[in-house]
There are 2 protein chains.
Amino acid sequence: MVSNADELAALFNDLCDAAARETLPRFRTIKSVSNKLDKGFDPVTEADQAAERAIRAVIHERHPDHGIVGEEYGIERPEATLQWVIDPIDGTRAFISGVPLWGTLIGLYNDGIPIAGAMDQPFTGERFMALNGKSNLSIRQGIATRLKTSDVTKLGDATLMTTTPHILKSDADNGYWKLEERVKLFRYGADCYAYCLVAAGQIELVAESGLNAYDIAALIPIIEGAGGLVTNWQGGSAAQGGQVLAAANAEIHAAALEALNS
Amino acid sequence: MVSNADELAALFNDLCDAAARETLPRFRTIKSVSNKLDKGFDPVTEADQAAERAIRAVIHERHPDHGIVGEEYGIERPEATLQWVIDPIDGTRAFISGVPLWGTLIGLYNDGIPIAGAMDQPFTGERFMALNGKSNLSIRQGIATRLKTSDVTKLGDATLMTTTPHILKSDADNGYWKLEERVKLFRYGADCYAYCLVAAGQIELVAESGLNAYDIAALIPIIEGAGGLVTNWQGGSAAQGGQVLAAANAEIHAAALEALNS
């Protein structure tokens with residue numbers, strides 16, 4: 001078990017550093033991109049794979065009894081109470097395009113409940129981290145800032161982000177457009193970075209569909225610890241991915257849920 | 001006249017620094033956003049205005065005979081041979097959303113021909129600069145890298161960016177969708193940053209519509225100096241904005257033009 005907040009912070013920093021040593025040198029220099037799909041394009045790079053191996057190596061060494069779920073290398077010890085949920089590069093499309101909005105996502109679950117998470121963007125030098133509800137910070141150039149969500153409560157004053165409208169594939173996703181037309185400003189293209197902007201009080205909403213558990217696990221404690229909410233589009237748990245709504249506060253979350261289901 | 005490349009580089013650096021002193025401290029801290037439009041939302045902030053005033057002050061002091069065209073404060077000395085074309089914050093929507101893909105754009109035209117340009121992104125610490133065809137660099141953390149476009153020539157291997165499909169407003173813009181469906185990967189949301197990624201060899205294409213001269217002026221010499229092309233969707237000059245296509249090389253430019261007009 002990892003119970004001490006300082007110890008947990010040190011562990012998360014070591015995990016982020018281990019991943020960054022594999023990702024950052026390959027950002028904008030990588031040539032080889034593989035496609036996971038027979039039809040369509042789901043890119044994976046040696047940076048994704050090397051970063052996940054580096055994260056797993058640290059966990060194996062320090063906490064060999066913990067479970068791991070990762071995008072690239074699957075499940076280890078699913079019976080463990082403490083589970084690490086890892087996306088070594090969330091936003092691989094951004095990564096291979098040179099856009100510094102990808103991130104390394106590392107979440108820690110206790111019996112299925114998210115208790116800590118980190119998002120690391122080593123090119124901009126930003127690290128967002130939430131630990132056991134005891135601290136909730138963004139760290140850049142040695143300066144830590146407490147994360148606090150926006151107090152904007154009306155859709156007409158809000159900014160909404162989604163990675164791309166192309167992730168909205170089924171009729172069940174059409175509620176997104178109802179939400180988009182009611183906000184002040186919407187933006188595309190930010191992957192996990194958008195969720196951290198909710199935590200940092202810069203935007204109010206992210207609505208996406210088709211997510212995997214490892215796309216959102218690390219981000220739930222970061223947003224919740226900053227005062228926000230993360231649910232699915234029905235208001236239930238988002239821990240398994242699917243349709244996800246992140247919101248700055250309860251009022252705008254309720255308004256966005258209503259729009260998504262109108 | 002500014003004829004010496006070192007002198008010109010120093011001047012561009014001073015202009016970028018003057019703007020960054022106004023933009024960076026306001027990034028993620030600004031509260032007041034004005035709307036330029038009665039209908040719709042075209043944001044402008046005190047950061048846009050203060051940065052353009054700072055750029056103009058440097059030009060007034062060093063080269064009072066030069067002309068200036070800027071987004072926020074209009075035209076000065078339109079009869080001058082040398083004209084500065086300025087967008088103090090290209091990507092104001094990104095700026096007010098906390099996304100570090102906005103940039104300060106400063107272009108220099110001689111008798112209507114773009115001869116030098118800079119894009120500065122002070123949060124990521126990146127400065128892209130092209131000077132009289134004599135140097136063409138991105139500079140970050142004191143390290144200068146020569147800009148060189150991609151040698152990918154086929155649409156099926158290419159990455160395309162556009163700020164948002166919502167800028168495609170008229171039937172005349174529908175060619176964009178023909179292009180999008182033929183590329184390997186497309187991304188939204190990068191504003192001027194996307195053009196610099198073409199110059200840096202990270203992506204192959206940007207196609208946008210409805211641009212103003214100040215949205216593209218600074219970027220043309222940066223892309224052309226790195227081996228790329230910037231035209232309108234008919235293959236003519238893009239210096240006045242409108243429908244703009246930036247491409248990594250002549251082959252992919254021709255293929256993209258054909259798709260846009262198919």
# chains A, B, ... in the order shown; residues from 1 in each chain; ligands from 1
call {"tool": "interface_residues", "arguments": {"of": "chain B", "to": "chain A", "cutoff": "7 Å", "atoms": "only C-alpha atoms", "output": "VMD selection string"}}
result
chain B and resid 28 97 to 98 124 187 to 189 197 202 to 203
call {"tool": "write_last_selection", "arguments": {"atoms": "N, CA and C atoms", "output": "PDB file, in the first residue's frame"}}
result
ATOM      1  N   ARG B  28      -3.816  32.581 -19.269  1.00  0.00           N
ATOM      2  CA  ARG B  28      -4.415  31.804 -18.177  1.00  0.00           C
ATOM      3  C   ARG B  28      -4.722  32.624 -16.929  1.00  0.00           C
ATOM      4  N   SER B  97      -8.743  30.075 -23.895  1.00  0.00           N
ATOM      5  CA  SER B  97      -9.074  28.733 -23.417  1.00  0.00           C
ATOM      6  C   SER B  97      -7.891  28.064 -22.719  1.00  0.00           C
ATOM      7  N   GLY B  98      -6.756  28.738 -22.664  1.00  0.00           N
ATOM      8  CA  GLY B  98      -5.593  28.167 -21.998  1.00  0.00           C
ATOM      9  C   GLY B  98      -4.766  27.230 -22.858  1.00  0.00           C
ATOM     10  N   THR B 124       5.310  27.874 -24.791  1.00  0.00           N
ATOM     11  CA  THR B 124       6.159  26.716 -25.100  1.00  0.00           C
ATOM     12  C   THR B 124       7.611  27.151 -25.329  1.00  0.00           C
ATOM     13  N   ARG B 187      -6.193  16.845 -38.236  1.00  0.00           N
ATOM     14  CA  ARG B 187      -6.322  17.347 -36.870  1.00  0.00           C
ATOM     15  C   ARG B 187      -6.914  18.742 -36.921  1.00  0.00           C
ATOM     16  N   TYR B 188      -7.681  19.088 -35.900  1.00  0.00           N
ATOM     17  CA  TYR B 188      -8.232  20.437 -35.793  1.00  0.00           C
ATOM     18  C   TYR B 188      -7.577  21.173 -34.630  1.00  0.00           C
ATOM     19  N   GLY B 189      -7.668  22.505 -34.659  1.00  0.00           N
ATOM     20  CA  GLY B 189      -7.447  23.286 -33.445  1.00  0.00           C
ATOM     21  C   GLY B 189      -6.092  23.932 -33.260  1.00  0.00           C
ATOM     22  N   LEU B 197       4.232  23.912 -37.931  1.00  0.00           N
ATOM     23  CA  LEU B 197       4.488  22.471 -37.986  1.00  0.00           C
ATOM     24  C   LEU B 197       4.743  22.012 -39.419  1.00  0.00           C
ATOM     25  N   GLN B 202       6.768  18.486 -39.569  1.00  0.00           N
ATOM     26  CA  GLN B 202       5.964  17.582 -38.737  1.00  0.00           C
ATOM     27  C   GLN B 202       4.666  17.172 -39.408  1.00  0.00           C
ATOM     28  N   ILE B 203       4.089  18.066 -40.201  1.00  0.00           N
ATOM     29  CA  ILE B 203       2.868  17.756 -40.943  1.00  0.00           C
ATOM     30  C   ILE B 203       3.065  18.270 -42.370  1.00  0.00           C
TER      31      ILE B 203
END
call {"tool": "residues_around", "arguments": {"residues": "range 168-182 of chain A", "least_positions_apart": "5", "cutoff": "8 Å", "atoms": "only C-alpha atoms", "output": "compact mmCIF listing (two decimals) with all heavy atoms, in the first residue's frame"}}
result
# COMPACT_ATOMS: atom_id res chain seq x y z
N LEU A 155 -24.21 27.62 -19.48
CA LEU A 155 -23.67 27.13 -20.75
C LEU A 155 -23.32 28.30 -21.67
O LEU A 155 -22.31 28.25 -22.38
CB LEU A 155 -24.68 26.21 -21.45
CG LEU A 155 -24.98 24.88 -20.75
CD1 LEU A 155 -25.98 24.08 -21.57
CD2 LEU A 155 -23.71 24.06 -20.53
N GLY A 156 -24.12 29.35 -21.66
CA GLY A 156 -23.90 30.49 -22.55
C GLY A 156 -22.64 31.28 -22.24
O GLY A 156 -22.20 32.11 -23.03
N LEU A 160 -16.31 24.74 -24.19
CA LEU A 160 -16.42 23.28 -24.32
C LEU A 160 -15.30 22.79 -25.22
O LEU A 160 -15.02 23.39 -26.24
CB LEU A 160 -17.77 22.94 -24.96
CG LEU A 160 -17.97 21.53 -25.53
CD1 LEU A 160 -18.06 20.50 -24.41
CD2 LEU A 160 -19.24 21.49 -26.40
N ALA A 207 -16.70 17.06 -23.44
CA ALA A 207 -17.64 15.97 -23.72
C ALA A 207 -17.06 15.14 -24.84
O ALA A 207 -16.74 15.65 -25.91
CB ALA A 207 -19.01 16.52 -24.13
N GLU A 208 -16.89 13.84 -24.57
CA GLU A 208 -16.32 12.94 -25.58
C GLU A 208 -17.03 11.60 -25.52
O GLU A 208 -17.72 11.29 -24.54
CB GLU A 208 -14.82 12.76 -25.33
CG GLU A 208 -14.06 14.08 -25.42
CD GLU A 208 -12.56 13.91 -25.49
OE1 GLU A 208 -12.00 13.17 -24.66
OE2 GLU A 208 -11.96 14.53 -26.36
N SER A 209 -16.80 10.81 -26.53
CA SER A 209 -17.41 9.48 -26.60
C SER A 209 -16.37 8.48 -27.05
O SER A 209 -15.36 8.84 -27.65
CB SER A 209 -18.59 9.51 -27.57
OG SER A 209 -19.22 8.24 -27.61
N GLY A 210 -16.63 7.20 -26.75
CA GLY A 210 -15.74 6.14 -27.23
C GLY A 210 -14.44 6.05 -26.47
O GLY A 210 -13.47 5.47 -26.96
N GLN A 243 -18.98 7.28 -23.04
CA GLN A 243 -19.33 8.70 -23.17
C GLN A 243 -18.97 9.40 -21.87
O GLN A 243 -19.51 9.08 -20.81
CB GLN A 243 -20.83 8.85 -23.41
CG GLN A 243 -21.32 8.31 -24.75
CD GLN A 243 -22.82 8.40 -24.87
OE1 GLN A 243 -23.55 8.17 -23.89
NE2 GLN A 243 -23.30 8.73 -26.06
N ALA A 256 -25.17 20.80 -18.65
CA ALA A 256 -24.59 20.08 -19.78
C ALA A 256 -25.25 18.72 -19.95
O ALA A 256 -25.54 18.29 -21.08
CB ALA A 256 -23.08 19.93 -19.60
N ALA A 259 -28.49 19.23 -21.66
CA ALA A 259 -28.33 19.50 -23.09
C ALA A 259 -27.96 18.23 -23.85
O ALA A 259 -28.50 17.96 -24.94
CB ALA A 259 -27.25 20.57 -23.30
N LEU A 260 -27.07 17.42 -23.29
CA LEU A 260 -26.65 16.19 -23.96
C LEU A 260 -27.82 15.22 -24.17
O LEU A 260 -27.84 14.45 -25.13
CB LEU A 260 -25.57 15.47 -23.13
CG LEU A 260 -24.17 16.07 -23.15
CD1 LEU A 260 -23.30 15.41 -22.09
CD2 LEU A 260 -23.52 15.94 -24.53
N ASN A 261 -28.80 15.29 -23.29
CA ASN A 261 -29.93 14.37 -23.35
C ASN A 261 -31.22 15.02 -23.84
O ASN A 261 -32.30 14.46 -23.68
CB ASN A 261 -30.14 13.73 -21.96
CG ASN A 261 -28.97 12.82 -21.60
OD1 ASN A 261 -28.77 11.77 -22.20
ND2 ASN A 261 -28.16 13.24 -20.64
N SER A 262 -31.10 16.23 -24.40
CA SER A 262 -32.31 16.95 -24.84
C SER A 262 -32.71 16.54 -26.24
O SER A 262 -31.95 15.91 -26.96
CB SER A 262 -32.07 18.46 -24.79
OG SER A 262 -31.08 18.83 -25.74
call {"tool": "residues_around", "arguments": {"residues": "range 7-17 of chain A", "least_positions_apart": "6", "cutoff": "10 Å", "atoms": "only C-alpha atoms", "output": "PyMOL selection string"}}
result
chain A and resi 1+23+51-52+54-59+62+88+103-108+116-122+127+129-132+135
call {"tool": "select_by_dssp", "arguments": {"residues": "range 11-94 of chain B", "states": "strand (DSSP E)", "output": "number ranges by chain"}}
result
B: 33-35, 43-45, 67-70, 74-76, 82-90
call {"tool": "residues_around", "arguments": {"residues": "Asp87 in chain A", "least_positions_apart": "3", "cutoff": "6 Å", "atoms": "only C-alpha atoms", "output": "list in words"}}
result
Gly70, Glu71, Asp90, Leu105 and Tyr214 of chain A
call {"tool": "atom_distance", "arguments": {"atom1": "CA of Ala255 in chain A", "atom2": "CA of Leu37 in chain B"}}
result
25.8 Å
call {"tool": "select_by_dssp", "arguments": {"residues": "range 73-255 of chain A", "states": "helix (DSSP H, G or I)", "output": "ChimeraX atom specification"}}
result
/A:92-97,155-157,165-167,171-173,175-180,191-199,213-216,219-225,250-255
call {"tool": "write_last_selection", "arguments": {"atoms": "C-alpha atoms", "output": "compact mmCIF listing (two decimals), in the first residue's frame"}}
result
# COMPACT_ATOMS: atom_id res chain seq x y z
CA THR A 92 -0.78 9.68 -30.12
CA ARG A 93 -2.19 11.53 -33.16
CA ALA A 94 -1.12 14.83 -31.59
CA PHE A 95 2.28 13.29 -30.74
CA ILE A 96 2.98 12.17 -34.31
CA SER A 97 1.82 15.56 -35.64
CA LEU A 155 -23.67 27.13 -20.75
CA GLY A 156 -23.90 30.49 -22.55
CA ASP A 157 -20.76 31.65 -20.73
CA PRO A 165 -16.31 15.59 -33.68
CA HIS A 166 -15.26 12.45 -35.59
CA ILE A 167 -15.28 10.45 -32.34
CA ASP A 171 -26.89 8.30 -32.98
CA ALA A 172 -26.44 7.97 -29.22
CA ASP A 173 -23.68 10.60 -29.51
CA GLY A 175 -26.51 14.99 -27.90
CA TYR A 176 -23.03 16.45 -28.26
CA TRP A 177 -24.29 18.81 -30.97
CA LYS A 178 -27.09 20.04 -28.68
CA LEU A 179 -24.46 20.92 -26.14
CA GLU A 180 -22.08 22.50 -28.66
CA ASP A 191 -7.01 15.23 -26.00
CA CYS A 192 -6.16 14.81 -22.28
CA TYR A 193 -4.90 18.39 -22.14
CA ALA A 194 -8.52 19.59 -22.30
CA TYR A 195 -9.42 17.80 -19.05
CA CYS A 196 -6.47 19.43 -17.31
CA LEU A 197 -7.70 22.82 -18.54
CA VAL A 198 -11.02 22.08 -16.78
CA ALA A 199 -9.09 21.29 -13.58
CA ALA A 213 -10.82 3.34 -19.10
CA TYR A 214 -7.16 4.30 -19.49
CA ASP A 215 -8.15 7.50 -21.34
CA ILE A 216 -9.98 8.89 -18.31
CA LEU A 219 -8.03 12.51 -15.08
CA ILE A 220 -11.00 11.82 -12.77
CA PRO A 221 -9.13 12.51 -9.50
CA ILE A 222 -7.42 15.57 -11.04
CA ILE A 223 -10.75 17.18 -11.96
CA GLU A 224 -12.65 16.05 -8.87
CA GLY A 225 -9.86 17.22 -6.57
CA ALA A 250 -22.29 20.85 -10.25
CA GLU A 251 -24.47 23.57 -11.83
CA ILE A 252 -22.81 23.49 -15.24
CA HIS A 253 -22.58 19.71 -15.07
CA ALA A 254 -26.36 19.53 -14.63
CA ALA A 255 -26.93 22.00 -17.48
call {"tool": "atom_distance", "arguments": {"atom1": "CA of Ile89 in chain B", "atom2": "CA of Gln49 in chain B"}}
result
9.0 Å
call {"tool": "atom_distance", "arguments": {"atom1": "CA of Leu229 in chain B", "atom2": "CA of Val69 in chain B"}}
result
23.2 Å
